[in-house]
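Shown next, in structure tokens, is the structure this report addresses.
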Amino acid sequence: MSSVANLQPDPAPILACTISRDVQNFDLLIDDMEQELGENWGDLGFDDALIFLGQPEAAHLQFVAIAVDSQDEADLARIGDIIRTATEKSIKVILIADQVSPIALHQLLRQGADDFVPYPLPEGALHEAIARQPKPAETPEPATAPEPAAAAPEEPSRHPGFKAKGDRDAVILPVHGFAGGCGASTFAANLAWELATVSKTDAPRVCLIDLDFQYGSAATYLDLPRKETVYEFYSDIAHADSDALLQSMLTFNDRLHVMTAPSDMLPLDFLGPEEIGRLLDMARANFDFVIIDMPKTIVAWTETVLNAAHVYFALLELDLRSAQNVLRMLRALKAEGLPHEKLRYVLNRAPKFTDLSAKSRVKRMAESLDISLEVQLPDGGAQVTQANDHGLPLQENAGKNPLRKEIAKLAKSLVDLNKAAEAGRS
């Protein structure tokens, strides 16, 4: 006679755990975990996490979701120990961060976290993060043939999928921030993506080149790795050709081609005007639009980029430092006889049309500097930071954001102007 115990089903193993100071502070995470795993997940505090990870039951875990907020920044050492312990036991770590400083976030990612999702969680973000984690290996069946010893090339689909023919004549559009934190890199990355996706059937071929060799963030904003091949290409650029340029690039969503900043910090004079000129010539010959994310510092090759540019976007804000820097830049360009008329001034975080006082300040600022603020971009708010932290353009993460809509309008006008110019030449 079978015992009652034998009739009871074995309890389902816990497949994942949330780890936090208080999971009730992350109610959206609770909802998403229940939606993804039903009842096959648990919750641990920081005090219990290390103890549980050392027990046999932890062997069933596929991943842990470690949720932290600004109050946890004083406890980074213990959280780092939890991440390292999970990694050592081949348990994937997804970091859920709510208003954590970039320094703290960087420190936790370096401890071995496999993925990062901002909180509040964007719709479907946890599902996508879980899907990106490799499934646990199952017991292999007897193989009929030996597996090939050589590993597959790393992320081959990220490389540009076309041959360098030199049959294009790109419009070169540098983006230069005239003050720290004015949003130049965000503008460059989103403008490049809007240009690359302006049409589903006849979109131009676009590349984004990050020339800020020290603090370039295009790779971060588009969730792309920084490869050693970028440094190798720049080190031998005098002998490089267009094929080498394309091999050094990565693609974002198979549409936008990106030359990230090098993986290591380099001096801005690592390349000279001749090398930068050669880089621009190769990019111009293989793309329709070349967006260049410039460093804020003026270097010897800034003149090279300015001379090659069709339009040189100068980003500023409605503050005194931006006004002073515009005056300095204009004075320097005029003194050297450089084409300052190529500058197109972009006011970021411009006031709303209902803010009459601020709009009056904008008018006075333009008049006092004797410039025209042709493009005024609204403040995109917290969604901009969330999109950048998540490595997605605004179009993908917050399509209805007012900043995204203005950048999309600008991209459409640039494409239309270029088509009209080509029609006029033909």
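Letters A, B, ... go to the chains of the structure tokens in the order shown; residues in each chain start at 1; ligands are counted from 1 in the same order.
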Item to check | Near-Glu406 of chain A list (9 Å; only C-alpha atoms; drop same-chain fewer than 2 positions) as a list of chain:residue names | outcome: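 The filter keeps A:Val375, A:Gln376, A:Leu377, A:Pro378, A:Pro402, A:Leu403, A:Arg404, A:Ala408, A:Lys409, A:Leu410, A:Ala411.
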Could you save those same residues with N, CA and C atoms as a compact mmCIF listing (two decimals), in the first residue's frame?
```txt
# COMPACT_ATOMS: atom_id res chain seq x y z
N VAL A 375 17.43 75.53 -33.54
CA VAL A 375 16.80 74.31 -33.03
C VAL A 375 16.67 74.44 -31.52
N GLN A 376 15.46 74.26 -31.01
CA GLN A 376 15.22 74.28 -29.57
C GLN A 376 14.61 72.96 -29.15
N LEU A 377 15.33 72.22 -28.32
CA LEU A 377 14.90 70.89 -27.90
C LEU A 377 14.29 70.95 -26.51
N PRO A 378 13.11 70.37 -26.31
CA PRO A 378 12.48 70.38 -24.99
C PRO A 378 13.20 69.46 -24.02
N PRO A 402 8.75 64.11 -25.74
CA PRO A 402 8.82 65.32 -26.58
C PRO A 402 10.21 65.55 -27.18
N LEU A 403 11.27 65.21 -26.47
CA LEU A 403 12.61 65.37 -27.02
C LEU A 403 12.80 64.46 -28.22
N ARG A 404 12.31 63.24 -28.12
CA ARG A 404 12.44 62.30 -29.24
C ARG A 404 11.70 62.83 -30.47
N ALA A 408 13.35 63.58 -34.11
CA ALA A 408 12.83 62.89 -35.29
C ALA A 408 12.48 63.91 -36.39
N LYS A 409 11.88 65.05 -36.01
CA LYS A 409 11.57 66.09 -37.00
C LYS A 409 12.85 66.61 -37.65
N LEU A 410 13.88 66.83 -36.84
CA LEU A 410 15.14 67.33 -37.37
C LEU A 410 15.74 66.32 -38.34
N ALA A 411 15.72 65.03 -37.97
CA ALA A 411 16.28 64.00 -38.85
C ALA A 411 15.54 63.96 -40.18
```
Item to check | Spatial neighbours of Ala184 of chain A, 8 Å, only C-alpha atoms, chain gap at least 6 places, as JSON, numbers by chain | outcome: {"A": [175, 176, 177, 293, 315]}
Next on the checklist: When you look at Asp47 of chain A with a cut-off of 12 Å (counting only C-alpha atoms), what residues show up, excluding the ones that are within fewer than 6 positions of it in the same chain? I need them as a PyMOL selection string.
Outcome noted: chain A and resi 19-22+53+75+78-79+81-82
Just write the chosen residues, N, CA and C atoms, as a short mmCIF file (atom, residue, chain, number, x, y, z; two decimals), in the first residue's frame.
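Listed below is the output, again-v2.cif:
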```cif
data_model
loop_
_atom_site.label_atom_id
_atom_site.label_comp_id
_atom_site.auth_asym_id
_atom_site.auth_seq_id
_atom_site.Cartn_x
_atom_site.Cartn_y
_atom_site.Cartn_z
N ILE A 19 16.64 39.80 -4.24
CA ILE A 19 17.48 40.10 -3.08
C ILE A 19 17.47 41.62 -2.92
N SER A 20 17.01 42.09 -1.75
CA SER A 20 16.90 43.53 -1.54
C SER A 20 16.84 43.82 -0.05
N ARG A 21 16.97 45.10 0.27
CA ARG A 21 16.79 45.53 1.66
C ARG A 21 15.33 45.36 2.07
N ASP A 22 14.42 45.72 1.18
CA ASP A 22 12.99 45.55 1.43
C ASP A 22 12.30 45.46 0.07
N LEU A 53 22.80 31.23 -0.50
CA LEU A 53 23.60 30.87 -1.68
C LEU A 53 24.61 29.76 -1.37
N ASP A 75 26.04 50.30 1.48
CA ASP A 75 26.19 48.87 1.73
C ASP A 75 26.73 48.15 0.50
N ARG A 78 28.85 44.69 0.87
CA ARG A 78 28.09 43.46 1.10
C ARG A 78 27.34 43.04 -0.16
N ILE A 79 26.76 44.01 -0.88
CA ILE A 79 26.06 43.67 -2.12
C ILE A 79 27.04 43.09 -3.13
N ASP A 81 29.69 41.35 -2.42
CA ASP A 81 29.97 39.97 -2.01
C ASP A 81 28.87 39.02 -2.50
N ILE A 82 27.62 39.49 -2.45
CA ILE A 82 26.50 38.66 -2.92
C ILE A 82 26.63 38.41 -4.42
#
```
Next on the checklist: Can you tell me which residues surround segment 322-335 of chain A at a distance of at most 8 Å, considering only C-alpha atoms, apart from same-chain residues fewer than 6 positions away, and format the answer as a ChimeraX atom specification?
Outcome noted: /A:178-179,316,365,369
So that I have them on file, write out the residues from the current selection with N, CA and C atoms, as a short mmCIF file (atom, residue, chain, number, x, y, z; two decimals), in the first residue's frame.
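Written output follows (out.cif):
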```cif
data_model
loop_
_atom_site.label_atom_id
_atom_site.label_comp_id
_atom_site.auth_asym_id
_atom_site.auth_seq_id
_atom_site.Cartn_x
_atom_site.Cartn_y
_atom_site.Cartn_z
N PHE A 178 28.87 72.65 -25.86
CA PHE A 178 29.61 73.84 -25.43
C PHE A 178 29.66 73.98 -23.92
N ALA A 179 29.14 73.00 -23.19
CA ALA A 179 29.22 72.98 -21.73
C ALA A 179 29.00 71.55 -21.27
N LEU A 316 23.99 73.96 -26.51
CA LEU A 316 24.16 74.81 -25.34
C LEU A 316 22.88 74.80 -24.54
N MET A 365 19.31 86.17 -25.01
CA MET A 365 20.58 85.45 -25.12
C MET A 365 21.03 85.40 -26.58
N LEU A 369 24.43 87.36 -28.12
CA LEU A 369 25.51 86.59 -28.73
C LEU A 369 25.57 86.77 -30.24
#
```
Item to check | Residues near segment 94-106 of chain A, cut-off 10 Å, only C-alpha atoms, skip fewer than 5 positions along chain, as a PyMOL selection string | outcome: chain A and resi 18-20+25-26+29+63-74+76+83+111-121+126+129-130+133+386+389
Would you output that residue set with N, CA and C atoms, as an mmCIF file, in the first residue's frame?
```cif
data_model
loop_
_atom_site.group_PDB
_atom_site.id
_atom_site.type_symbol
_atom_site.label_atom_id
_atom_site.label_comp_id
_atom_site.auth_asym_id
_atom_site.auth_seq_id
_atom_site.Cartn_x
_atom_site.Cartn_y
_atom_site.Cartn_z
ATOM 1 N N THR A 18 14.554 37.287 -5.585
ATOM 2 C CA THR A 18 14.866 38.701 -5.472
ATOM 3 C C THR A 18 15.674 38.903 -4.196
ATOM 4 N N ILE A 19 16.642 39.805 -4.244
ATOM 5 C CA ILE A 19 17.480 40.104 -3.082
ATOM 6 C C ILE A 19 17.466 41.619 -2.922
ATOM 7 N N SER A 20 17.014 42.091 -1.749
ATOM 8 C CA SER A 20 16.898 43.534 -1.541
ATOM 9 C C SER A 20 16.839 43.815 -0.055
ATOM 10 N N ASN A 25 9.625 47.865 -1.467
ATOM 11 C CA ASN A 25 9.967 49.125 -2.132
ATOM 12 C C ASN A 25 10.005 48.972 -3.651
ATOM 13 N N PHE A 26 9.903 47.729 -4.126
ATOM 14 C CA PHE A 26 9.995 47.452 -5.562
ATOM 15 C C PHE A 26 8.766 46.651 -5.988
ATOM 16 N N LEU A 29 8.594 45.145 -9.405
ATOM 17 C CA LEU A 29 9.438 43.947 -9.555
ATOM 18 C C LEU A 29 8.690 42.712 -9.080
ATOM 19 N N PHE A 63 18.680 32.526 -11.777
ATOM 20 C CA PHE A 63 19.179 33.890 -11.662
ATOM 21 C C PHE A 63 18.680 34.489 -10.357
ATOM 22 N N VAL A 64 19.333 35.571 -9.943
ATOM 23 C CA VAL A 64 18.856 36.391 -8.832
ATOM 24 C C VAL A 64 18.701 37.816 -9.345
ATOM 25 N N ALA A 65 17.673 38.485 -8.867
ATOM 26 C CA ALA A 65 17.429 39.897 -9.208
ATOM 27 C C ALA A 65 17.745 40.721 -7.963
ATOM 28 N N ILE A 66 18.858 41.424 -7.978
ATOM 29 C CA ILE A 66 19.295 42.217 -6.828
ATOM 30 C C ILE A 66 18.785 43.646 -7.024
ATOM 31 N N ALA A 67 17.885 44.074 -6.151
ATOM 32 C CA ALA A 67 17.242 45.387 -6.269
ATOM 33 C C ALA A 67 17.868 46.351 -5.262
ATOM 34 N N VAL A 68 18.370 47.469 -5.752
ATOM 35 C CA VAL A 68 19.030 48.449 -4.889
ATOM 36 C C VAL A 68 18.498 49.843 -5.208
ATOM 37 N N ASP A 69 18.522 50.702 -4.208
ATOM 38 C CA ASP A 69 18.195 52.111 -4.426
ATOM 39 C C ASP A 69 19.262 52.974 -3.776
ATOM 40 N N SER A 70 19.047 54.272 -3.744
ATOM 41 C CA SER A 70 20.089 55.191 -3.273
ATOM 42 C C SER A 70 20.477 54.936 -1.816
ATOM 43 N N GLN A 71 19.548 54.415 -1.002
ATOM 44 C CA GLN A 71 19.868 54.154 0.395
ATOM 45 C C GLN A 71 20.841 52.992 0.567
ATOM 46 N N ASP A 72 20.964 52.157 -0.465
ATOM 47 C CA ASP A 72 21.841 50.981 -0.363
ATOM 48 C C ASP A 72 23.287 51.287 -0.747
ATOM 49 N N GLU A 73 23.577 52.529 -1.147
ATOM 50 C CA GLU A 73 24.929 52.840 -1.591
ATOM 51 C C GLU A 73 25.948 52.748 -0.455
ATOM 52 N N ALA A 74 25.492 52.843 0.787
ATOM 53 C CA ALA A 74 26.392 52.678 1.931
ATOM 54 C C ALA A 74 26.708 51.210 2.195
ATOM 55 N N LEU A 76 27.502 48.869 -0.345
ATOM 56 C CA LEU A 76 27.946 48.297 -1.617
ATOM 57 C C LEU A 76 28.876 47.113 -1.426
ATOM 58 N N ILE A 83 26.960 39.459 -5.174
ATOM 59 C CA ILE A 83 27.112 39.304 -6.631
ATOM 60 C C ILE A 83 28.233 38.337 -6.956
ATOM 61 N N GLN A 111 31.519 44.090 -10.328
ATOM 62 C CA GLN A 111 31.594 42.921 -9.451
ATOM 63 C C GLN A 111 31.142 41.645 -10.154
ATOM 64 N N GLY A 112 30.477 41.787 -11.331
ATOM 65 C CA GLY A 112 30.105 40.595 -12.090
ATOM 66 C C GLY A 112 28.641 40.480 -12.442
ATOM 67 N N ALA A 113 27.837 41.539 -12.197
ATOM 68 C CA ALA A 113 26.426 41.470 -12.587
ATOM 69 C C ALA A 113 26.312 41.273 -14.100
ATOM 70 N N ASP A 114 25.372 40.417 -14.521
ATOM 71 C CA ASP A 114 25.246 40.064 -15.936
ATOM 72 C C ASP A 114 24.389 41.038 -16.730
ATOM 73 N N ASP A 115 23.455 41.712 -16.067
ATOM 74 C CA ASP A 115 22.562 42.627 -16.784
ATOM 75 C C ASP A 115 22.074 43.690 -15.818
ATOM 76 N N PHE A 116 21.551 44.752 -16.381
ATOM 77 C CA PHE A 116 21.075 45.880 -15.581
ATOM 78 C C PHE A 116 19.743 46.360 -16.141
ATOM 79 N N VAL A 117 18.779 46.614 -15.250
ATOM 80 C CA VAL A 117 17.475 47.144 -15.637
ATOM 81 C C VAL A 117 17.150 48.307 -14.702
ATOM 82 N N PRO A 118 16.807 49.482 -15.242
ATOM 83 C CA PRO A 118 16.462 50.612 -14.371
ATOM 84 C C PRO A 118 15.091 50.413 -13.734
ATOM 85 N N TYR A 119 14.886 51.020 -12.575
ATOM 86 C CA TYR A 119 13.594 51.003 -11.901
ATOM 87 C C TYR A 119 13.093 52.432 -11.786
ATOM 88 N N PRO A 120 11.811 52.707 -12.057
ATOM 89 C CA PRO A 120 10.712 51.789 -12.379
ATOM 90 C C PRO A 120 10.962 50.999 -13.665
ATOM 91 N N LEU A 121 10.557 49.738 -13.624
ATOM 92 C CA LEU A 121 10.852 48.846 -14.736
ATOM 93 C C LEU A 121 10.074 49.246 -15.986
ATOM 94 N N LEU A 126 12.085 43.319 -17.660
ATOM 95 C CA LEU A 126 12.550 42.143 -16.913
ATOM 96 C C LEU A 126 12.464 40.895 -17.772
ATOM 97 N N ALA A 129 15.394 40.917 -20.043
ATOM 98 C CA ALA A 129 16.641 40.630 -19.317
ATOM 99 C C ALA A 129 16.761 39.149 -19.008
ATOM 100 N N ILE A 130 15.642 38.521 -18.630
ATOM 101 C CA ILE A 130 15.667 37.080 -18.367
ATOM 102 C C ILE A 130 15.939 36.311 -19.653
ATOM 103 N N GLN A 133 19.545 35.937 -20.657
ATOM 104 C CA GLN A 133 20.443 35.075 -19.891
ATOM 105 C C GLN A 133 20.499 33.686 -20.536
ATOM 106 N N GLN A 386 16.809 57.287 -18.167
ATOM 107 C CA GLN A 386 16.463 55.864 -18.139
ATOM 108 C C GLN A 386 16.817 55.190 -19.456
ATOM 109 N N ASP A 389 20.646 54.838 -19.647
ATOM 110 C CA ASP A 389 21.125 53.786 -18.747
ATOM 111 C C ASP A 389 20.769 52.401 -19.274
#
```
Item to check | strand (DSSP E or B) per DSSP on the backbone: members of segment 18-144 of chain A, as a ChimeraX atom specification | outcome: /A:18-19,41-44,63-69,92-98,115-118
Checklist entry - Taking only C-alpha atoms into account, which of A:Leu211, A:Leu266, A:Ala382, A:Leu392 comes nearest Val305 of chain A? => result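 Among the listed residues, the smallest separation from Val305 of chain A belongs to A:Leu211.
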Next on the checklist: Could you go through segment 246-376 of chain A and tell me which residues DSSP, when run on the backbone, assigns to alpha helix (DSSP H), listing them as a ChimeraX atom specification?
Outcome noted: /A:246-248,273-286,302-308,320-335,356-369
Could you take the residues named above and write them with N, CA and C atoms, as a compact mmCIF listing (two decimals), in the first residue's frame?
```txt
# COMPACT_ATOMS: atom_id res chain seq x y z
N LEU A 246 35.22 49.37 -41.46
CA LEU A 246 33.96 48.66 -41.22
C LEU A 246 34.13 47.53 -40.22
N GLN A 247 35.29 46.86 -40.25
CA GLN A 247 35.53 45.78 -39.30
C GLN A 247 35.65 46.31 -37.87
N SER A 248 36.04 47.57 -37.73
CA SER A 248 36.18 48.16 -36.40
C SER A 248 34.85 48.67 -35.86
N PRO A 273 45.57 65.83 -37.17
CA PRO A 273 44.65 66.27 -38.21
C PRO A 273 44.66 65.39 -39.45
N GLU A 274 45.84 64.90 -39.87
CA GLU A 274 45.89 64.06 -41.07
C GLU A 274 45.16 62.74 -40.86
N GLU A 275 45.35 62.12 -39.68
CA GLU A 275 44.68 60.84 -39.40
C GLU A 275 43.17 61.03 -39.33
N ILE A 276 42.72 62.11 -38.67
CA ILE A 276 41.28 62.38 -38.59
C ILE A 276 40.72 62.64 -39.99
N GLY A 277 41.47 63.37 -40.81
CA GLY A 277 41.03 63.61 -42.18
C GLY A 277 40.87 62.32 -42.97
N ARG A 278 41.81 61.38 -42.76
CA ARG A 278 41.71 60.09 -43.45
C ARG A 278 40.49 59.30 -42.96
N LEU A 279 40.24 59.35 -41.66
CA LEU A 279 39.06 58.67 -41.09
C LEU A 279 37.78 59.23 -41.71
N LEU A 280 37.68 60.55 -41.80
CA LEU A 280 36.46 61.16 -42.35
C LEU A 280 36.31 60.84 -43.84
N ASP A 281 37.41 60.79 -44.57
CA ASP A 281 37.33 60.46 -45.99
C ASP A 281 36.78 59.05 -46.19
N MET A 282 37.25 58.10 -45.39
CA MET A 282 36.77 56.72 -45.52
C MET A 282 35.29 56.62 -45.13
N ALA A 283 34.91 57.32 -44.05
CA ALA A 283 33.51 57.28 -43.63
C ALA A 283 32.61 57.94 -44.66
N ARG A 284 33.05 59.09 -45.22
CA ARG A 284 32.25 59.80 -46.20
C ARG A 284 32.00 58.95 -47.44
N ALA A 285 32.98 58.14 -47.82
CA ALA A 285 32.87 57.36 -49.05
C ALA A 285 31.97 56.14 -48.91
N ASN A 286 31.57 55.78 -47.69
CA ASN A 286 30.81 54.55 -47.50
C ASN A 286 29.46 54.74 -46.82
N THR A 302 40.17 69.58 -34.37
CA THR A 302 38.83 70.17 -34.41
C THR A 302 38.64 70.95 -35.70
N GLU A 303 39.68 71.66 -36.12
CA GLU A 303 39.61 72.42 -37.38
C GLU A 303 39.36 71.50 -38.56
N THR A 304 40.00 70.31 -38.55
CA THR A 304 39.80 69.35 -39.64
C THR A 304 38.34 68.94 -39.75
N VAL A 305 37.72 68.65 -38.60
CA VAL A 305 36.32 68.23 -38.59
C VAL A 305 35.42 69.38 -39.02
N LEU A 306 35.71 70.59 -38.53
CA LEU A 306 34.90 71.75 -38.89
C LEU A 306 34.95 72.02 -40.39
N ASN A 307 36.12 71.93 -40.98
CA ASN A 307 36.24 72.17 -42.42
C ASN A 307 35.51 71.11 -43.24
N ALA A 308 35.49 69.86 -42.73
CA ALA A 308 34.82 68.77 -43.46
C ALA A 308 33.31 68.78 -43.26
N LEU A 320 24.63 81.02 -18.16
CA LEU A 320 25.73 81.93 -18.41
C LEU A 320 26.97 81.21 -18.95
N ARG A 321 27.25 80.01 -18.42
CA ARG A 321 28.46 79.30 -18.87
C ARG A 321 28.37 78.99 -20.36
N SER A 322 27.20 78.57 -20.85
CA SER A 322 27.04 78.29 -22.27
C SER A 322 27.26 79.55 -23.09
N ALA A 323 26.70 80.68 -22.63
CA ALA A 323 26.86 81.94 -23.36
C ALA A 323 28.32 82.34 -23.43
N GLN A 324 29.03 82.22 -22.31
CA GLN A 324 30.44 82.58 -22.30
C GLN A 324 31.26 81.68 -23.22
N ASN A 325 30.94 80.38 -23.23
CA ASN A 325 31.69 79.46 -24.07
C ASN A 325 31.42 79.69 -25.56
N VAL A 326 30.19 80.08 -25.90
CA VAL A 326 29.88 80.41 -27.29
C VAL A 326 30.73 81.61 -27.73
N LEU A 327 30.82 82.62 -26.87
CA LEU A 327 31.64 83.80 -27.20
C LEU A 327 33.10 83.42 -27.40
N ARG A 328 33.63 82.57 -26.52
CA ARG A 328 35.03 82.14 -26.65
C ARG A 328 35.24 81.41 -27.97
N MET A 329 34.32 80.50 -28.29
CA MET A 329 34.46 79.71 -29.50
C MET A 329 34.40 80.60 -30.75
N LEU A 330 33.43 81.49 -30.78
CA LEU A 330 33.30 82.37 -31.95
C LEU A 330 34.54 83.27 -32.10
N ARG A 331 35.04 83.77 -30.98
CA ARG A 331 36.22 84.62 -31.04
C ARG A 331 37.41 83.86 -31.60
N ALA A 332 37.57 82.60 -31.17
CA ALA A 332 38.70 81.79 -31.64
C ALA A 332 38.55 81.46 -33.13
N LEU A 333 37.35 81.10 -33.56
CA LEU A 333 37.15 80.76 -34.97
C LEU A 333 37.38 81.96 -35.88
N LYS A 334 36.87 83.12 -35.47
CA LYS A 334 37.04 84.31 -36.29
C LYS A 334 38.50 84.74 -36.34
N ALA A 335 39.22 84.57 -35.23
CA ALA A 335 40.63 84.96 -35.20
C ALA A 335 41.45 84.10 -36.15
N LEU A 356 6.67 82.26 -20.70
CA LEU A 356 7.00 83.48 -21.43
C LEU A 356 8.26 84.15 -20.89
N SER A 357 8.47 84.09 -19.58
CA SER A 357 9.66 84.71 -19.00
C SER A 357 10.93 84.05 -19.52
N ALA A 358 10.95 82.71 -19.54
CA ALA A 358 12.13 81.99 -20.01
C ALA A 358 12.33 82.19 -21.50
N LYS A 359 11.24 82.25 -22.26
CA LYS A 359 11.37 82.46 -23.71
C LYS A 359 11.94 83.85 -24.01
N SER A 360 11.62 84.79 -23.14
CA SER A 360 12.21 86.12 -23.29
C SER A 360 13.71 86.07 -23.04
N ARG A 361 14.13 85.28 -22.07
CA ARG A 361 15.56 85.11 -21.81
C ARG A 361 16.26 84.48 -23.00
N VAL A 362 15.61 83.50 -23.65
CA VAL A 362 16.19 82.87 -24.84
C VAL A 362 16.42 83.91 -25.92
N LYS A 363 15.44 84.77 -26.14
CA LYS A 363 15.57 85.80 -27.17
C LYS A 363 16.71 86.76 -26.86
N ARG A 364 16.80 87.18 -25.59
CA ARG A 364 17.87 88.11 -25.20
C ARG A 364 19.24 87.45 -25.33
N MET A 365 19.31 86.17 -25.01
CA MET A 365 20.58 85.45 -25.12
C MET A 365 21.03 85.40 -26.58
N ALA A 366 20.13 85.06 -27.48
CA ALA A 366 20.48 84.98 -28.90
C ALA A 366 20.91 86.35 -29.43
N GLU A 367 20.20 87.39 -29.03
CA GLU A 367 20.53 88.73 -29.50
C GLU A 367 21.88 89.19 -28.97
N SER A 368 22.17 88.92 -27.70
CA SER A 368 23.43 89.37 -27.12
C SER A 368 24.62 88.62 -27.71
N LEU A 369 24.43 87.36 -28.12
CA LEU A 369 25.51 86.59 -28.73
C LEU A 369 25.57 86.77 -30.24
```
Item to check | Distance of atom CA of Asp243 of chain A from atom CA of Ala423 of chain A, expressed in Å to one decimal place | outcome: 29.4 Å
Checklist entry - Neighbours of Glu36 of chain A within 12 Å (only C-alpha atoms; same-chain residues fewer than 4 positions away dropped), as a list in words? => result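 So the residues in contact are Leu15, Ala16, Leu29, Ile30, Asp31, Asp32, Asn40, Trp41, Gly124, Ala125, Leu126, His127, Glu128, Ala129, Ile130 and Ala131 of chain A.
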Checklist entry - For Thr220 of chain A, which of A:Leu271, A:Val258, A:Arg425, A:Phe52 is the closest residue, counting only C-alpha atoms? => result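 The closest residue to Thr220 of chain A is A:Val258.
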Item to check | From A:Val290, A:Met265, A:Ala240, A:Leu28, residue lying nearest Asp169 of chain A [only C-alpha atoms] | outcome: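 The shortest atom-to-atom distance to Asp169 of chain A comes from A:Val290.
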Checklist entry - Between atom CA of Pro262 of chain A and atom CA of Tyr231 of chain A, what is the distance, to one decimal in Å? => result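 Separation of atom CA of Pro262 of chain A and atom CA of Tyr231 of chain A: 5.5 Å.
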Item to check | Residues within 12 Å of Arg205 of chain A, only C-alpha atoms, excluding chain neighbours under 5 positions, as a ChimeraX atom specification | outcome: /A:160-162,167-171,192-199,251,254-258,283-291,415
Checklist entry - Of the candidates A:Phe213, A:Leu245, A:Leu414, A:Lys405, which one gets nearest to His310 of chain A if we count only C-alpha atoms? => result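 Looking only at the distances to His310 of chain A, the closest residue turns out to be A:Leu414.
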Next on the checklist: Between atom CA of Phe313 of chain A and atom CA of Asn253 of chain A, what distance in Å does the model show, to one decimal?
Outcome noted: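 Interatomic distance, atom CA of Phe313 of chain A to atom CA of Asn253 of chain A: 25.3 Å.
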Next on the checklist: Let me make sure I understand: among A:Ala189, A:Ala164, A:Ala86, A:Leu50, which one has the smallest atom-to-atom distance to Asp241 of chain A if we use only C-alpha atoms?
Outcome noted: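 Closest to Asp241 of chain A of all the choices is A:Ala164.
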